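Below you'll find the structure, written out as structure tokens, and then a few comments.
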Amino acid sequence: MSTLYISDLDGTLFNKEKKISEKSTQLLNQCIASGMKFSVATARMPYGCDYRLEGIKLEIPGILTNGVFLYDFQNKKYISVESINRESAEKVIRLMEEKGLSCFEYMYCKDGIHIYYGRRELEKQTQYYSERALKECAEVSFQKDMQDVSYRGEVFYITYSGQKEVLEPICDMLEGIAGINYSFYLNIYNGLYCLEIYSNKASKQAALLKLKKYVECDEIVVFGDNWNDVPMIEIADRSYAPENALEEIKEMVTGVIHGCDEDGVARFLSEECKTK
């Protein structure tokens, strides 16, 4: 039986310093060299994780940006992109503005990723307005009229980070906008909540099913720690959470493994290799 192993990054494969330890790197590369089909699934953008994964010899495409992309790490190539239709994107931006908020709007164009934002204060949200984004994206720029940029490319992601009580009511309103899905979860690194909006055709679950077909495997094993991993957990044949995962996630999975600071995923996979 052919098995595809997929791990979330932050809080799961990455330790609390947002890195993969030397031990994990060594164990994972041994597993891949032995023929294990292993890759990652994350809310991160390609430019937010490819350099952190340089030491891992990933041969299987990764699921990035909560399923928006299937991404070939070796060739830095986008295999597939799921975008939001323009009308739905404009409705989301209008809703945020009506609630006194702005947002980051991400577009995929021929020359790469463009990021637009409607208020200068968002430059403090370094989760999105990061040195890496400024360096790797085709464009990162302030826009007085966010509606005016919607025609420039394919909108694939709209996001904002803030307090739970501010963003929860917006989640309820997003339910009325056709053509989108969203994730709402706690960022373990800064204590803020992330609201991430993307196409209803994009999800970790949909991308995982696409990847399963792409690599022609029979079984799916996933690792995750947070709410945006639940869609993968729901369809996995087996699922595991690190000890540091949310308690609710640990109650959903097949088993609990060592935490992200203890090389939990890599140690588990190394043991799997020995039994194959």
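Within each chain, counting starts at residue 1; across the structure tokens, chains are named A, B, ... in the order shown, with ligands numbered 1 upward in that order.
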Please identify every residue of region 41-113 of chain A that has at least one atom no farther than 10 Å from an atom of region 195-211 of chain A, counting only C-alpha atoms, and for each give the shortest atom pair and the distance in Å to one decimal, arranged by chain then increasing number, as CSV.
residue,atom,partner,partner_atom,distance
A:Ala41,CA,A:Lys204,CA,7.0
A:Thr42,CA,A:Lys204,CA,8.1
A:Ala43,CA,A:Lys204,CA,8.8
A:Ile60,CA,A:Leu211,CA,8.7
A:Pro61,CA,A:Leu211,CA,7.7
A:Gly62,CA,A:Leu211,CA,8.4
A:Ile63,CA,A:Ala207,CA,6.4
A:Leu64,CA,A:Lys204,CA,8.2
A:Thr65,CA,A:Lys204,CA,8.5
A:Asn66,CA,A:Lys204,CA,5.2
A:Gly67,CA,A:Ser203,CA,4.3
A:Val68,CA,A:Ala202,CA,5.0
A:Phe69,CA,A:Ala207,CA,7.8
A:Leu70,CA,A:Ala207,CA,7.1
A:Ser80,CA,A:Ala207,CA,9.4
A:Val81,CA,A:Ala202,CA,8.5
A:Glu82,CA,A:Ala202,CA,5.8
A:Ser83,CA,A:Ser199,CA,5.6
A:Ile84,CA,A:Ser199,CA,4.5
A:Asn85,CA,A:Ser199,CA,7.6
A:Ser88,CA,A:Ser199,CA,9.0
A:Ala89,CA,A:Tyr198,CA,8.8
A:Val92,CA,A:Ile197,CA,8.4
A:Cys103,CA,A:Leu195,CA,9.7
A:Phe104,CA,A:Glu196,CA,9.7
A:Glu105,CA,A:Ile197,CA,9.6
A:Tyr106,CA,A:Tyr198,CA,9.9
Store the residues picked out above, limited to N, CA and C atoms, as a compact mmCIF listing (two decimals), in the first residue's frame.
# COMPACT_ATOMS: atom_id res chain seq x y z
N ALA A 41 1.71 20.81 4.32
CA ALA A 41 0.51 21.62 4.06
C ALA A 41 0.51 22.76 5.07
N THR A 42 0.33 23.96 4.59
CA THR A 42 0.47 25.12 5.47
C THR A 42 -0.38 26.30 5.01
N ALA A 43 -0.63 27.20 5.94
CA ALA A 43 -1.28 28.46 5.59
C ALA A 43 -0.29 29.45 4.98
N ILE A 60 7.75 15.64 -3.32
CA ILE A 60 6.29 15.71 -3.52
C ILE A 60 5.86 17.17 -3.40
N PRO A 61 4.99 17.66 -4.28
CA PRO A 61 4.50 19.04 -4.15
C PRO A 61 3.86 19.31 -2.80
N GLY A 62 3.94 20.55 -2.35
CA GLY A 62 3.34 20.94 -1.10
C GLY A 62 2.01 21.64 -1.29
N ILE A 63 1.20 21.63 -0.24
CA ILE A 63 -0.09 22.33 -0.21
C ILE A 63 0.15 23.63 0.55
N LEU A 64 0.04 24.76 -0.13
CA LEU A 64 0.37 26.04 0.48
C LEU A 64 -0.83 26.98 0.50
N THR A 65 -0.76 27.94 1.42
CA THR A 65 -1.78 28.99 1.54
C THR A 65 -3.17 28.38 1.72
N ASN A 66 -3.23 27.41 2.66
CA ASN A 66 -4.48 26.72 2.98
C ASN A 66 -5.15 26.10 1.76
N GLY A 67 -4.34 25.58 0.83
CA GLY A 67 -4.88 24.87 -0.31
C GLY A 67 -5.03 25.68 -1.57
N VAL A 68 -4.65 26.95 -1.53
CA VAL A 68 -4.71 27.78 -2.74
C VAL A 68 -3.74 27.23 -3.79
N PHE A 69 -2.56 26.84 -3.34
CA PHE A 69 -1.52 26.39 -4.26
C PHE A 69 -1.14 24.93 -4.04
N LEU A 70 -0.85 24.24 -5.14
CA LEU A 70 0.02 23.07 -5.12
C LEU A 70 1.34 23.57 -5.68
N SER A 80 -0.81 24.40 -9.42
CA SER A 80 -2.21 24.83 -9.55
C SER A 80 -2.46 26.01 -8.62
N VAL A 81 -3.41 26.87 -9.02
CA VAL A 81 -3.78 28.06 -8.25
C VAL A 81 -5.30 28.17 -8.25
N GLU A 82 -5.90 28.31 -7.07
CA GLU A 82 -7.34 28.52 -6.96
C GLU A 82 -7.58 29.97 -6.56
N SER A 83 -8.26 30.73 -7.41
CA SER A 83 -8.48 32.16 -7.14
C SER A 83 -9.93 32.42 -6.75
N ILE A 84 -10.14 33.58 -6.11
CA ILE A 84 -11.48 34.04 -5.74
C ILE A 84 -12.06 34.81 -6.93
N ASN A 85 -13.34 34.61 -7.22
CA ASN A 85 -13.90 35.39 -8.31
C ASN A 85 -13.97 36.87 -7.89
N SER A 88 -16.84 38.35 -5.63
CA SER A 88 -16.78 37.92 -4.23
C SER A 88 -15.66 38.65 -3.49
N ALA A 89 -14.52 38.83 -4.15
CA ALA A 89 -13.39 39.55 -3.53
C ALA A 89 -13.80 40.98 -3.19
N VAL A 92 -15.96 41.07 -0.08
CA VAL A 92 -15.19 40.87 1.16
C VAL A 92 -14.51 42.18 1.56
N CYS A 103 -7.46 45.44 4.94
CA CYS A 103 -7.00 44.07 4.82
C CYS A 103 -5.84 44.02 3.85
N PHE A 104 -5.23 42.87 3.76
CA PHE A 104 -4.25 42.59 2.73
C PHE A 104 -4.93 41.79 1.63
N GLU A 105 -4.72 42.22 0.39
CA GLU A 105 -5.28 41.52 -0.77
C GLU A 105 -4.12 40.97 -1.61
N TYR A 106 -4.14 39.68 -1.82
CA TYR A 106 -3.06 39.01 -2.55
C TYR A 106 -3.54 38.64 -3.94
Just want the 12 Å neighbourhood of Lys91 (chain A), counted on only C-alpha atoms, with same-chain residues fewer than 2 positions away dropped. Output as a compact mmCIF listing (two decimals) with N, CA and C atoms, in the first residue's frame.
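Now in out_26.txt:
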# COMPACT_ATOMS: atom_id res chain seq x y z
N ILE A 84 -10.14 33.58 -6.11
CA ILE A 84 -11.48 34.04 -5.74
C ILE A 84 -12.06 34.81 -6.93
N ASN A 85 -13.34 34.61 -7.22
CA ASN A 85 -13.90 35.39 -8.31
C ASN A 85 -13.97 36.87 -7.89
N ARG A 86 -13.86 37.74 -8.86
CA ARG A 86 -13.68 39.18 -8.59
C ARG A 86 -14.84 39.77 -7.79
N GLU A 87 -16.06 39.40 -8.11
CA GLU A 87 -17.23 39.95 -7.41
C GLU A 87 -17.18 39.59 -5.93
N SER A 88 -16.84 38.35 -5.63
CA SER A 88 -16.78 37.92 -4.23
C SER A 88 -15.66 38.65 -3.49
N ALA A 89 -14.52 38.83 -4.15
CA ALA A 89 -13.39 39.55 -3.53
C ALA A 89 -13.80 40.98 -3.19
N ILE A 93 -13.87 42.83 0.63
CA ILE A 93 -13.15 44.08 0.92
C ILE A 93 -14.13 45.16 1.39
N ARG A 94 -15.30 45.22 0.75
CA ARG A 94 -16.32 46.19 1.15
C ARG A 94 -16.79 45.92 2.58
N LEU A 95 -16.98 44.64 2.92
CA LEU A 95 -17.41 44.28 4.28
C LEU A 95 -16.37 44.71 5.31
N MET A 96 -15.09 44.47 5.03
CA MET A 96 -14.05 44.87 5.96
C MET A 96 -14.05 46.38 6.15
N GLU A 97 -14.22 47.12 5.06
CA GLU A 97 -14.22 48.59 5.14
C GLU A 97 -15.42 49.10 5.93
N GLU A 98 -16.57 48.44 5.77
CA GLU A 98 -17.76 48.84 6.50
C GLU A 98 -17.60 48.63 8.00
N MET A 146 -8.84 50.13 -2.47
CA MET A 146 -8.58 48.70 -2.65
C MET A 146 -9.45 48.09 -3.75
N GLN A 147 -10.61 48.67 -4.00
CA GLN A 147 -11.46 48.14 -5.06
C GLN A 147 -10.84 48.37 -6.43
N SER A 150 -8.61 45.37 -8.15
CA SER A 150 -9.14 44.02 -8.31
C SER A 150 -8.99 43.47 -9.74
N ILE A 158 -7.30 37.02 0.92
CA ILE A 158 -7.57 38.27 1.61
C ILE A 158 -7.44 37.98 3.10
N MET A 173 -20.67 37.16 8.98
CA MET A 173 -21.11 37.87 7.78
C MET A 173 -20.52 37.28 6.51
N LEU A 174 -19.35 36.72 6.61
CA LEU A 174 -18.73 36.10 5.44
C LEU A 174 -19.53 34.90 4.93
N GLU A 175 -20.31 34.30 5.82
CA GLU A 175 -21.13 33.15 5.42
C GLU A 175 -22.10 33.51 4.30
N GLY A 176 -22.44 34.78 4.19
CA GLY A 176 -23.39 35.21 3.18
C GLY A 176 -22.78 35.55 1.84
N ILE A 177 -21.46 35.42 1.72
CA ILE A 177 -20.79 35.75 0.46
C ILE A 177 -20.46 34.46 -0.29
N ALA A 178 -20.99 34.33 -1.48
CA ALA A 178 -20.79 33.12 -2.27
C ALA A 178 -19.36 33.04 -2.80
N GLY A 179 -18.89 31.83 -2.99
CA GLY A 179 -17.61 31.62 -3.68
C GLY A 179 -16.37 31.68 -2.82
N ILE A 180 -16.56 31.78 -1.49
CA ILE A 180 -15.37 31.87 -0.62
C ILE A 180 -15.44 30.86 0.52
N ILE A 197 -9.19 34.51 3.99
CA ILE A 197 -10.31 34.27 3.07
C ILE A 197 -9.75 33.86 1.73
**Asked** At what distance in Å, to one decimal, does CA of Lys37 (chain A) lie from CA of Ser2 (chain A)?
**Response** 8.3 Å
If you run DSSP on the backbone, which residues of region 88-198 of chain A are strand (DSSP E or B), as a short mmCIF file (atom, residue, chain, number, x, y, z; two decimals) with C-alpha atoms, in the first residue's frame?
data_model
loop_
_atom_site.label_atom_id
_atom_site.label_comp_id
_atom_site.auth_asym_id
_atom_site.auth_seq_id
_atom_site.Cartn_x
_atom_site.Cartn_y
_atom_site.Cartn_z
CA PHE A 104 -4.25 42.59 2.73
CA GLU A 105 -5.28 41.52 -0.77
CA TYR A 106 -3.06 39.01 -2.55
CA MET A 107 -3.01 38.57 -6.32
CA TYR A 108 -1.36 36.05 -8.57
CA CYS A 109 -0.02 37.53 -11.81
CA GLY A 112 4.47 36.53 -9.36
CA ILE A 113 2.57 37.51 -6.23
CA HIS A 114 1.35 41.09 -5.65
CA ILE A 115 0.17 42.30 -2.22
CA TYR A 116 -2.01 45.37 -1.70
CA TYR A 117 -3.19 46.93 1.57
CA GLU A 139 4.90 44.11 -5.62
CA VAL A 140 3.85 45.09 -2.08
CA SER A 141 2.10 48.45 -2.02
CA PHE A 142 -0.35 50.73 -0.20
CA GLU A 154 -6.28 36.84 -9.86
CA VAL A 155 -7.20 37.54 -6.24
CA PHE A 156 -6.43 34.40 -4.28
CA TYR A 157 -6.20 35.53 -0.67
CA ILE A 158 -7.57 38.27 1.61
CA THR A 159 -6.44 38.46 5.21
CA TYR A 160 -6.27 40.44 8.43
CA SER A 161 -4.92 39.72 11.91
CA GLY A 162 -6.50 41.13 15.06
CA ILE A 180 -15.37 31.87 -0.62
CA ASN A 181 -14.11 29.87 2.33
CA TYR A 182 -12.29 31.25 5.33
CA SER A 183 -10.08 30.15 8.21
CA PHE A 184 -10.16 31.79 11.62
CA TYR A 185 -7.55 30.68 14.12
CA LEU A 186 -5.12 31.74 16.82
CA TYR A 193 -6.37 35.79 15.55
CA CYS A 194 -5.94 35.35 11.81
CA LEU A 195 -8.86 35.70 9.41
CA GLU A 196 -7.89 34.27 6.02
CA ILE A 197 -10.31 34.27 3.07
CA TYR A 198 -9.85 32.29 -0.11
#
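Taking CA of Gly224 (chain A) as the reference point, CA of Leu167 (chain A) is found at 23.4 Å.
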**Asked** Neighbours of Val40 (chain A) within 6 Å (only C-alpha atoms; same-chain residues fewer than 4 positions away dropped), as a VMD selection string?
**Response** chain A and resid 6 to 8 62
**Asked** Can you tell me how far CA of Gln74 (chain A) sits from CA of Glu271 (chain A), in Å to one decimal?
**Response** 26.0 Å
**Item:** Residues near Leu13 (chain A), cut-off 10 Å, only C-alpha atoms, skip fewer than 4 positions along chain, as a PyMOL selection string
**Value:** chain A and resi 7-9+18-21+24+40+223-225+242+259-266
**Message:** Just checking: using only C-alpha atoms, which residue out of A:Arg238, A:His258, A:Lys77, A:Arg52 ends up closest to Glu17 (chain A)?
**Reply:** A:Arg52
**Residue with smallest distance to Val166 (chain A) - pool A:Arg119, A:Lys212, A:Lys99, A:Arg44, counting only C-alpha atoms** = A:Lys99
